[in-house]
Amino acid sequence: MSFSPGARTCILFRFGSSSKVTPAAQIFARNKAQKPDYSPDRKTFIDYKKVSFKAGNGGHGCMSMMRNANMPKMGPAGGDGGRGGSIYLETDHNIRCLKEVDPQYKGMRGDDGQGCKHRGGNADDITVTVPVGTIVRDHTTKQVVCELNYDKERYCLVRGGYAGVGNMAFKSSVCQRPGDSIEGGPGDFLLAEIEMKIIADIGLVGFPNAGKSSFLRAVSKARPKVAAYPFTTLHPHIGQVMYPDEDMLRIPVADIPGLIKGAHENKGLGHAFLKHIERCEALLFVIDISMGPEYAMTQYDDLAYELEMYKEGLSKQPAAVIASKMDISTDVPDIVKTLRSHTGLPVQACSSVTHTRIFEVKQFLRRFKRTIQEKPKSEKPPAHTILGLDGRPSIVTSMKFNQQRLKRPKEEESEKQDL
């Protein structure tokens, strides 16, 4: 078999009496699509994204006159346009990060009105699912647009453009054949910064190689990377501490990347790590006790200092201490007693390698979670999240402007007489 230099390479598949010719380029594309995804966002926990939202424009109103063979001047027949598609945010407690949120959303445009009194169809709305505890800020003004703290909470972020009006709506006793129509309004645009307010119920705080990742692997099914060098964890990992005996209770625990001295001055990746700690309801200080009680107390003092210097009151959150690496430590009871008196916090010692006292620590986390839930919380969501766009002045102003343009001449005259 010989091939000419300019011929297109094909591969021939034969199935019985029939044959199918498939180009080699299609086979290559098919095999490439079947490869696993090794993109950096595949296993990365994402708690911050900058997203652009553009609602759909409204459909234009139609200017049309109906004509028949016997009645050439029947009057206006232009239909109204359709409303543009809006974009909503809805919370779901099953979602833990913002990995599924796309960097750009664009709503559909409403259909234009047509003749014969045909109205254009409204565009479908878009719903973006986000985790509970999501905060949306305007990228330009840095103002908070909305804060979603409850499950199945829905908020209209950008509203689609208002529908245009056909000339059929302007027909009156004074003007039988109006020749005016209104175009559809533009949809809202927002360049937003979406971030998670709370990424987990409990956050693990400690210096590099203190045993945070090993502790999370011991108490949950999460599998963060563990190695003998510092800064193994570069992004938070979320693990679920499960209790099958209590209605499948789950406690989300976040493995925060390790801090260093001077983190509040943004040394290393200080601010990027400290913002994760700020989004946890409670803290667990993971202290390495293998070097003795003095070194353990120094670790806690340095961690509390970095948290307090980053944000005042951050170190006063509900907290406890996990004394790790008890399998290679001596005088563990004395070290635990010294830490308890020095910090004033409950202290639990364990070994993540040998799983010593891991069961007791998990029971402690259950009690610790109950103390967090006992804090008073508001029962009703904020008013602006219920009202949606009714509280947004820009939208209300555009709707009032549309209503003023749609007023009939008789209505304007009656208003002038009332004045």
# chains A, B, ... in the order shown; residues from 1 in each chain; ligands from 1
call {"tool": "closest_atom_pairs", "arguments": {"of": "region 94-120 of chain A", "to": "region 186-190 of chain A", "cutoff": "12 Å", "atoms": "only C-alpha atoms", "output": "Markdown table"}}
result
| residue | atom | partner | partner_atom | distance |
| --- | --- | --- | --- | --- |
| A:Gln104 | CA | A:Leu190 | CA | 10.4 |
| A:Tyr105 | CA | A:Phe189 | CA | 10.0 |
| A:Lys106 | CA | A:Phe189 | CA | 9.2 |
| A:Gly107 | CA | A:Gly187 | CA | 8.3 |
| A:Met108 | CA | A:Gly187 | CA | 9.7 |
| A:Arg109 | CA | A:Gly187 | CA | 8.7 |
| A:Gly110 | CA | A:Gly187 | CA | 10.3 |
call {"tool": "residues_around", "arguments": {"residues": "Leu249 (chain A)", "least_positions_apart": "2", "cutoff": "12 Å", "atoms": "only C-alpha atoms", "output": "number ranges by chain"}}
result
A: 240-247, 251-252, 362-363, 365-366, 369-370
call {"tool": "write_last_selection", "arguments": {"atoms": "C-alpha atoms", "output": "PDB file, in the first residue's frame"}}
result
ATOM      1  CA  GLN A 240     -15.222  15.382  57.997  1.00  0.00           C
ATOM      2  CA  VAL A 241     -15.045  13.897  61.495  1.00  0.00           C
ATOM      3  CA  MET A 242     -17.952  11.450  61.399  1.00  0.00           C
ATOM      4  CA  TYR A 243     -19.961  10.006  64.290  1.00  0.00           C
ATOM      5  CA  PRO A 244     -22.198   7.167  63.046  1.00  0.00           C
ATOM      6  CA  ASP A 245     -23.793   6.665  66.472  1.00  0.00           C
ATOM      7  CA  GLU A 246     -25.378  10.157  66.488  1.00  0.00           C
ATOM      8  CA  ASP A 247     -27.466  10.511  63.334  1.00  0.00           C
ATOM      9  CA  ILE A 251     -17.811  18.078  61.995  1.00  0.00           C
ATOM     10  CA  PRO A 252     -15.839  19.838  59.229  1.00  0.00           C
ATOM     11  CA  LYS A 362     -12.881  12.664  68.637  1.00  0.00           C
ATOM     12  CA  GLN A 363     -15.256  12.558  71.605  1.00  0.00           C
ATOM     13  CA  LEU A 365     -14.350  17.397  69.416  1.00  0.00           C
ATOM     14  CA  ARG A 366     -18.010  16.411  69.686  1.00  0.00           C
ATOM     15  CA  LYS A 369     -18.744  21.416  68.772  1.00  0.00           C
ATOM     16  CA  ARG A 370     -21.746  21.512  71.102  1.00  0.00           C
TER      17      ARG A 370
END
call {"tool": "closest_residue", "arguments": {"among": "A:Ser213, A:Ser220, A:Ser315, A:Gln348", "to": "Ile277 (chain A)", "atoms": "only C-alpha atoms"}}
result
A:Ser315
call {"tool": "closest_residue", "arguments": {"among": "A:Val336, A:Ala163, A:Met326, A:Ala282", "to": "Cys62 (chain A)", "atoms": "only C-alpha atoms"}}
result
A:Ala163
call {"tool": "residues_around", "arguments": {"residues": "region 193-201 of chain A", "least_positions_apart": "3", "cutoff": "7 Å", "atoms": "only C-alpha atoms", "output": "CSV table (one decimal) with N, CA, C and O atoms, in the first residue's frame"}}
result
chain,number,residue,atom,x,y,z
A,47,ASP,N,-11.4,29.1,48.1
A,47,ASP,CA,-12.3,29.9,48.9
A,47,ASP,C,-12.4,31.3,48.5
A,47,ASP,O,-13.1,32.1,49.2
A,48,TYR,N,-11.8,31.7,47.4
A,48,TYR,CA,-11.9,33.1,46.9
A,48,TYR,C,-11.9,33.0,45.4
A,48,TYR,O,-11.0,32.3,44.8
A,49,LYS,N,-12.7,33.8,44.7
A,49,LYS,CA,-12.8,34.0,43.3
A,49,LYS,C,-13.3,35.3,42.9
A,49,LYS,O,-14.1,35.9,43.6
A,50,LYS,N,-12.7,35.8,41.8
A,50,LYS,CA,-13.2,37.0,41.2
A,50,LYS,C,-14.0,36.7,39.9
A,50,LYS,O,-13.5,36.1,39.0
A,51,VAL,N,-15.3,37.0,40.0
A,51,VAL,CA,-16.3,36.6,39.0
A,51,VAL,C,-17.0,37.8,38.4
A,51,VAL,O,-17.4,38.7,39.1
A,133,GLY,N,-22.4,30.6,53.9
A,133,GLY,CA,-21.4,31.5,54.5
A,133,GLY,C,-20.6,32.2,53.4
A,133,GLY,O,-19.4,32.5,53.6
A,134,THR,N,-21.2,32.5,52.3
A,134,THR,CA,-20.5,33.2,51.2
A,134,THR,C,-20.8,34.7,51.2
A,134,THR,O,-21.9,35.1,51.5
A,135,ILE,N,-19.7,35.4,51.0
A,135,ILE,CA,-19.8,36.9,51.0
A,135,ILE,C,-19.5,37.4,49.6
A,135,ILE,O,-18.5,36.9,49.0
A,136,VAL,N,-20.3,38.3,49.1
A,136,VAL,CA,-20.0,38.9,47.7
A,136,VAL,C,-19.8,40.3,47.9
A,136,VAL,O,-20.5,41.1,48.5
A,137,ARG,N,-18.6,40.8,47.4
A,137,ARG,CA,-18.2,42.2,47.4
A,137,ARG,C,-18.1,42.7,46.0
A,137,ARG,O,-17.7,42.0,45.1
A,138,ASP,N,-18.3,44.0,45.9
A,138,ASP,CA,-18.1,44.7,44.7
A,138,ASP,C,-16.6,44.9,44.5
A,138,ASP,O,-15.9,45.4,45.4
A,139,HIS,N,-16.0,44.5,43.4
A,139,HIS,CA,-14.6,44.6,43.2
A,139,HIS,C,-14.1,46.0,43.1
A,139,HIS,O,-13.0,46.3,43.5
A,251,ILE,N,-18.4,16.8,61.6
A,251,ILE,CA,-17.8,18.1,62.0
A,251,ILE,C,-16.7,18.4,61.0
A,251,ILE,O,-15.7,17.7,60.9
A,252,PRO,N,-16.9,19.5,60.2
A,252,PRO,CA,-15.8,19.8,59.2
A,252,PRO,C,-14.6,20.4,60.0
A,252,PRO,O,-14.8,21.4,60.8
A,253,VAL,N,-13.5,19.9,59.7
A,253,VAL,CA,-12.2,20.3,60.3
A,253,VAL,C,-11.3,20.7,59.1
A,253,VAL,O,-11.1,20.0,58.1
A,254,ALA,N,-10.7,21.9,59.2
A,254,ALA,CA,-9.8,22.4,58.1
A,254,ALA,C,-8.4,22.4,58.5
A,254,ALA,O,-8.0,22.8,59.6
A,279,ARG,N,-11.9,32.5,58.9
A,279,ARG,CA,-13.1,31.9,58.4
A,279,ARG,C,-13.5,30.6,59.1
A,279,ARG,O,-14.3,29.8,58.6
A,280,CYS,N,-12.9,30.3,60.3
A,280,CYS,CA,-13.3,29.1,61.0
A,280,CYS,C,-14.0,29.6,62.3
A,280,CYS,O,-13.6,30.6,62.9
A,281,GLU,N,-15.0,28.8,62.7
A,281,GLU,CA,-15.8,29.2,63.9
A,281,GLU,C,-15.0,29.0,65.2
A,281,GLU,O,-15.2,29.7,66.2
A,282,ALA,N,-14.1,28.0,65.2
A,282,ALA,CA,-13.3,27.7,66.4
A,282,ALA,C,-11.9,27.2,65.9
A,282,ALA,O,-11.7,26.9,64.8
call {"tool": "select_by_dssp", "arguments": {"residues": "region 128-165 of chain A", "states": "strand (DSSP E)", "output": "number ranges by chain"}}
result
A: 128-130, 134-138, 144-148, 154-158
call {"tool": "residues_around", "arguments": {"residues": "region 94-97 of chain A", "least_positions_apart": "3", "cutoff": "7 Å", "atoms": "only C-alpha atoms", "output": "list in words"}}
result
Phe45, Ile46, Asp47, Val130 and Pro131 of chain A
call {"tool": "write_last_selection", "arguments": {"atoms": "C-alpha atoms", "output": "JSON list (two decimals), in the first residue's frame"}}
result
[["chain", "number", "residue", "atom", "x", "y", "z"],
["A", 45, "PHE", "CA", -9.61, 23.96, 47.83],
["A", 46, "ILE", "CA", -10.74, 27.36, 46.53],
["A", 47, "ASP", "CA", -12.33, 29.86, 48.91],
["A", 130, "VAL", "CA", -22.40, 28.56, 46.38],
["A", 131, "PRO", "CA", -21.54, 27.28, 49.88]]
call {"tool": "atom_distance", "arguments": {"atom1": "CA of Leu307 (chain A)", "atom2": "CA of Ile256 (chain A)"}}
result
13.2 Å
call {"tool": "residues_around", "arguments": {"residues": "Met291 (chain A)", "least_positions_apart": "3", "cutoff": "10 Å", "atoms": "only C-alpha atoms", "output": "list in words"}}
result
Asp288, Glu294, Tyr295, Ala296, Lys325, Ile328, Ser329 and Thr330 of chain A
call {"tool": "write_last_selection", "arguments": {"atoms": "C-alpha atoms", "output": "PDB file, in the first residue's frame"}}
result
ATOM      1  CA  ASP A 288       4.434  19.849  69.141  1.00  0.00           C
ATOM      2  CA  GLU A 294       9.072  25.337  77.407  1.00  0.00           C
ATOM      3  CA  TYR A 295       9.116  24.936  73.636  1.00  0.00           C
ATOM      4  CA  ALA A 296       5.424  24.010  73.684  1.00  0.00           C
ATOM      5  CA  LYS A 325       3.531  13.705  68.957  1.00  0.00           C
ATOM      6  CA  ILE A 328       8.012  10.540  71.024  1.00  0.00           C
ATOM      7  CA  SER A 329       7.550  12.753  74.094  1.00  0.00           C
ATOM      8  CA  THR A 330       8.451  12.198  77.711  1.00  0.00           C
TER       9      THR A 330
END
call {"tool": "atom_distance", "arguments": {"atom1": "CA of His342 (chain A)", "atom2": "CA of Ile287 (chain A)"}}
result
13.1 Å
call {"tool": "closest_residue", "arguments": {"among": "A:Ile322, A:Leu89, A:Ala304, A:Leu345", "to": "Thr129 (chain A)", "atoms": "only C-alpha atoms"}}
result
A:Leu89
